[in-house]
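*Asks:* Dumping the structure here so I can ask a few things about it.
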Amino acid sequence: MRTPQPPQDVPIREEPIRIGQFLKLAGLAEDGVHAREILEAGEVTVNGTPEHRRGAQLRRGDVVSVAGRSVRPA
């Protein structure tokens, strides 16, 4: 069993940042369409809670997870 890796910090210029933008910035989504698809498919969690809204607002320290990879705005 693998030990979960700590979230990787992804620098942002200003907060809040919309989750769709952040997914692209963090390299978790290729583009806006891909971000929408993974959100709608229920593949994204924020602080352990499933997130489906593309316009959800993130703040520094929120932990976003997709496919076993965790990142946070910093």
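Letters A, B, ... go to the chains of the structure tokens in the order shown; residues in each chain start at 1; ligands are counted from 1 in the same order.
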Would you list, as a list in words, the residues of range 1-70 of chain A that end up in alpha helix (DSSP H) under DSSP run on this structure's backbone?

*Replies:*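 These are the residues in question: Ile19, Gly20, Gln21, Phe22, Leu23, Lys24, Leu25, Gly32, Val33, His34, Ala35, Arg36, Glu37, Ile38, Leu39 and Glu40 of chain A.
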
*Asks:* Would you mind exporting N, CA, C and O atoms of the selected residues as a short mmCIF file (atom, residue, chain, number, x, y, z; two decimals), in the first residue's frame?

*Replies:*
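As a result, again17.cif now contains:
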```
data_model
loop_
_atom_site.label_atom_id
_atom_site.label_comp_id
_atom_site.auth_asym_id
_atom_site.auth_seq_id
_atom_site.Cartn_x
_atom_site.Cartn_y
_atom_site.Cartn_z
N ILE A 19 -12.22 26.91 -9.98
CA ILE A 19 -11.65 25.56 -10.04
C ILE A 19 -11.28 25.16 -11.47
O ILE A 19 -10.27 24.51 -11.68
N GLY A 20 -12.09 25.55 -12.45
CA GLY A 20 -11.77 25.21 -13.84
C GLY A 20 -10.43 25.79 -14.25
O GLY A 20 -9.61 25.11 -14.88
N GLN A 21 -10.18 27.05 -13.88
CA GLN A 21 -8.90 27.69 -14.19
C GLN A 21 -7.76 26.99 -13.45
O GLN A 21 -6.69 26.77 -14.01
N PHE A 22 -8.01 26.66 -12.18
CA PHE A 22 -6.96 26.04 -11.39
C PHE A 22 -6.60 24.66 -11.90
O PHE A 22 -5.42 24.29 -11.92
N LEU A 23 -7.58 23.89 -12.33
CA LEU A 23 -7.30 22.55 -12.87
C LEU A 23 -6.36 22.64 -14.07
O LEU A 23 -5.44 21.84 -14.23
N LYS A 24 -6.57 23.65 -14.93
CA LYS A 24 -5.69 23.85 -16.08
C LYS A 24 -4.30 24.31 -15.63
O LYS A 24 -3.29 23.77 -16.08
N LEU A 25 -4.25 25.27 -14.71
CA LEU A 25 -2.99 25.79 -14.22
C LEU A 25 -2.14 24.70 -13.57
O LEU A 25 -0.93 24.64 -13.75
N GLY A 32 -10.32 23.84 -20.92
CA GLY A 32 -11.59 24.08 -20.25
C GLY A 32 -12.60 22.97 -20.45
O GLY A 32 -13.36 22.63 -19.53
N VAL A 33 -12.62 22.39 -21.62
CA VAL A 33 -13.55 21.29 -21.91
C VAL A 33 -13.21 20.08 -21.04
O VAL A 33 -14.09 19.47 -20.43
N HIS A 34 -11.93 19.76 -20.95
CA HIS A 34 -11.49 18.63 -20.13
C HIS A 34 -11.82 18.90 -18.66
O HIS A 34 -12.27 18.00 -17.94
N ALA A 35 -11.60 20.13 -18.20
CA ALA A 35 -11.92 20.49 -16.80
C ALA A 35 -13.40 20.24 -16.54
O ALA A 35 -13.77 19.65 -15.53
N ARG A 36 -14.26 20.69 -17.44
CA ARG A 36 -15.70 20.49 -17.29
C ARG A 36 -16.03 19.00 -17.25
O ARG A 36 -16.83 18.55 -16.41
N GLU A 37 -15.42 18.23 -18.12
CA GLU A 37 -15.70 16.79 -18.18
C GLU A 37 -15.33 16.07 -16.89
O GLU A 37 -16.11 15.26 -16.39
N ILE A 38 -14.15 16.36 -16.33
CA ILE A 38 -13.76 15.65 -15.11
C ILE A 38 -14.58 16.12 -13.91
O ILE A 38 -14.86 15.33 -13.01
N LEU A 39 -14.98 17.39 -13.91
CA LEU A 39 -15.86 17.86 -12.84
C LEU A 39 -17.22 17.18 -12.92
O LEU A 39 -17.73 16.67 -11.91
N GLU A 40 -17.81 17.15 -14.11
CA GLU A 40 -19.12 16.53 -14.28
C GLU A 40 -19.09 15.04 -14.01
O GLU A 40 -20.08 14.46 -13.56
#
```

*Asks:* Name the residues in contact with range 51-61 of chain A at a cut-off of 8 Å, using only C-alpha atoms, excluding same-chain residues fewer than 2 positions from it; report them as a count of residues only.

*Replies:* 20

*Asks:* Figure out the distance between CA of Pro50 in chain A and CA of Arg13 in chain A, please, to one decimal in Å.

*Replies:*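 So the two atoms, CA of Arg13 in chain A and CA of Pro50 in chain A, lie 25.0 Å apart.
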
*Asks:* Just list as a list of chain:residue names whatever in range 26-55 of chain A DSSP marks as strand (DSSP E or B).

*Replies:* A:Val44, A:Thr45, A:Val46, A:Thr49, A:Pro50

*Asks:* Need the shell around Arg69 in chain A: protein/DNA/RNA residues with any atom at most 10 Å away, counting only C-alpha atoms. Skip same-chain ones fewer than 2 positions apart. Format as a PDB file with all heavy atoms, in the first residue's frame?

*Replies:*
```pdb
ATOM      1  N   PRO A   4       0.106   8.102   0.795  1.00  0.00           N
ATOM      2  CA  PRO A   4      -0.304   9.256  -0.009  1.00  0.00           C
ATOM      3  C   PRO A   4       0.744  10.358   0.032  1.00  0.00           C
ATOM      4  O   PRO A   4       1.348  10.618   1.070  1.00  0.00           O
ATOM      5  CB  PRO A   4      -1.599   9.725   0.649  1.00  0.00           C
ATOM      6  CG  PRO A   4      -1.993   8.664   1.602  1.00  0.00           C
ATOM      7  CD  PRO A   4      -0.796   7.818   1.874  1.00  0.00           C
ATOM      8  N   GLN A   5       0.967  10.967  -1.108  1.00  0.00           N
ATOM      9  CA  GLN A   5       1.921  12.069  -1.198  1.00  0.00           C
ATOM     10  C   GLN A   5       1.251  13.347  -0.693  1.00  0.00           C
ATOM     11  O   GLN A   5       0.062  13.543  -0.884  1.00  0.00           O
ATOM     12  CB  GLN A   5       2.359  12.266  -2.648  1.00  0.00           C
ATOM     13  CG  GLN A   5       3.109  11.082  -3.231  1.00  0.00           C
ATOM     14  CD  GLN A   5       4.430  10.860  -2.515  1.00  0.00           C
ATOM     15  OE1 GLN A   5       5.190  11.784  -2.285  1.00  0.00           O
ATOM     16  NE2 GLN A   5       4.690   9.616  -2.139  1.00  0.00           N
ATOM     17  N   PRO A   6       2.014  14.230  -0.054  1.00  0.00           N
ATOM     18  CA  PRO A   6       1.431  15.509   0.371  1.00  0.00           C
ATOM     19  C   PRO A   6       1.041  16.320  -0.867  1.00  0.00           C
ATOM     20  O   PRO A   6       1.630  16.146  -1.937  1.00  0.00           O
ATOM     21  CB  PRO A   6       2.548  16.182   1.159  1.00  0.00           C
ATOM     22  CG  PRO A   6       3.795  15.492   0.760  1.00  0.00           C
ATOM     23  CD  PRO A   6       3.414  14.110   0.289  1.00  0.00           C
ATOM     24  N   PRO A   7       0.060  17.208  -0.723  1.00  0.00           N
ATOM     25  CA  PRO A   7      -0.357  18.023  -1.875  1.00  0.00           C
ATOM     26  C   PRO A   7       0.792  18.883  -2.396  1.00  0.00           C
ATOM     27  O   PRO A   7       1.600  19.391  -1.619  1.00  0.00           O
ATOM     28  CB  PRO A   7      -1.468  18.912  -1.316  1.00  0.00           C
ATOM     29  CG  PRO A   7      -1.862  18.312  -0.020  1.00  0.00           C
ATOM     30  CD  PRO A   7      -0.705  17.520   0.469  1.00  0.00           C
ATOM     31  N   GLN A   8       0.847  19.008  -3.698  1.00  0.00           N
ATOM     32  CA  GLN A   8       1.843  19.865  -4.345  1.00  0.00           C
ATOM     33  C   GLN A   8       1.287  21.288  -4.401  1.00  0.00           C
ATOM     34  O   GLN A   8       0.128  21.498  -4.764  1.00  0.00           O
ATOM     35  CB  GLN A   8       2.103  19.349  -5.758  1.00  0.00           C
ATOM     36  CG  GLN A   8       3.018  20.231  -6.569  1.00  0.00           C
ATOM     37  CD  GLN A   8       3.101  19.765  -8.018  1.00  0.00           C
ATOM     38  OE1 GLN A   8       2.507  18.770  -8.416  1.00  0.00           O
ATOM     39  NE2 GLN A   8       3.833  20.515  -8.817  1.00  0.00           N
ATOM     40  N   LEU A  28      -3.891  19.436 -14.282  1.00  0.00           N
ATOM     41  CA  LEU A  28      -4.820  18.329 -14.059  1.00  0.00           C
ATOM     42  C   LEU A  28      -5.866  18.233 -15.164  1.00  0.00           C
ATOM     43  O   LEU A  28      -6.546  17.221 -15.276  1.00  0.00           O
ATOM     44  CB  LEU A  28      -5.509  18.480 -12.696  1.00  0.00           C
ATOM     45  CG  LEU A  28      -4.571  18.426 -11.487  1.00  0.00           C
ATOM     46  CD1 LEU A  28      -5.337  18.740 -10.213  1.00  0.00           C
ATOM     47  CD2 LEU A  28      -3.903  17.068 -11.385  1.00  0.00           C
ATOM     48  N   VAL A  64      -7.096  20.118  -3.747  1.00  0.00           N
ATOM     49  CA  VAL A  64      -7.848  19.617  -4.899  1.00  0.00           C
ATOM     50  C   VAL A  64      -7.224  18.293  -5.319  1.00  0.00           C
ATOM     51  O   VAL A  64      -6.011  18.216  -5.534  1.00  0.00           O
ATOM     52  CB  VAL A  64      -7.793  20.623  -6.072  1.00  0.00           C
ATOM     53  CG1 VAL A  64      -8.537  20.092  -7.289  1.00  0.00           C
ATOM     54  CG2 VAL A  64      -8.343  21.975  -5.637  1.00  0.00           C
ATOM     55  N   SER A  65      -8.056  17.255  -5.446  1.00  0.00           N
ATOM     56  CA  SER A  65      -7.548  15.929  -5.827  1.00  0.00           C
ATOM     57  C   SER A  65      -8.251  15.423  -7.074  1.00  0.00           C
ATOM     58  O   SER A  65      -9.466  15.550  -7.204  1.00  0.00           O
ATOM     59  CB  SER A  65      -7.757  14.927  -4.689  1.00  0.00           C
ATOM     60  OG  SER A  65      -7.057  15.340  -3.542  1.00  0.00           O
ATOM     61  N   VAL A  66      -7.440  14.851  -7.978  1.00  0.00           N
ATOM     62  CA  VAL A  66      -7.939  14.235  -9.206  1.00  0.00           C
ATOM     63  C   VAL A  66      -7.064  13.021  -9.476  1.00  0.00           C
ATOM     64  O   VAL A  66      -5.832  13.130  -9.517  1.00  0.00           O
ATOM     65  CB  VAL A  66      -7.855  15.194 -10.419  1.00  0.00           C
ATOM     66  CG1 VAL A  66      -8.336  14.504 -11.693  1.00  0.00           C
ATOM     67  CG2 VAL A  66      -8.645  16.471 -10.170  1.00  0.00           C
ATOM     68  N   ALA A  67      -7.679  11.871  -9.647  1.00  0.00           N
ATOM     69  CA  ALA A  67      -6.964  10.645 -10.027  1.00  0.00           C
ATOM     70  C   ALA A  67      -5.749  10.374  -9.128  1.00  0.00           C
ATOM     71  O   ALA A  67      -4.669  10.055  -9.618  1.00  0.00           O
ATOM     72  CB  ALA A  67      -6.548  10.703 -11.491  1.00  0.00           C
ATOM     73  N   VAL A  71      -3.222  18.665  -5.239  1.00  0.00           N
ATOM     74  CA  VAL A  71      -2.542  19.953  -5.384  1.00  0.00           C
ATOM     75  C   VAL A  71      -3.313  20.989  -4.575  1.00  0.00           C
ATOM     76  O   VAL A  71      -4.464  20.768  -4.212  1.00  0.00           O
ATOM     77  CB  VAL A  71      -2.462  20.400  -6.869  1.00  0.00           C
ATOM     78  CG1 VAL A  71      -1.581  19.477  -7.679  1.00  0.00           C
ATOM     79  CG2 VAL A  71      -3.840  20.485  -7.492  1.00  0.00           C
TER      80      VAL A  71
END
```
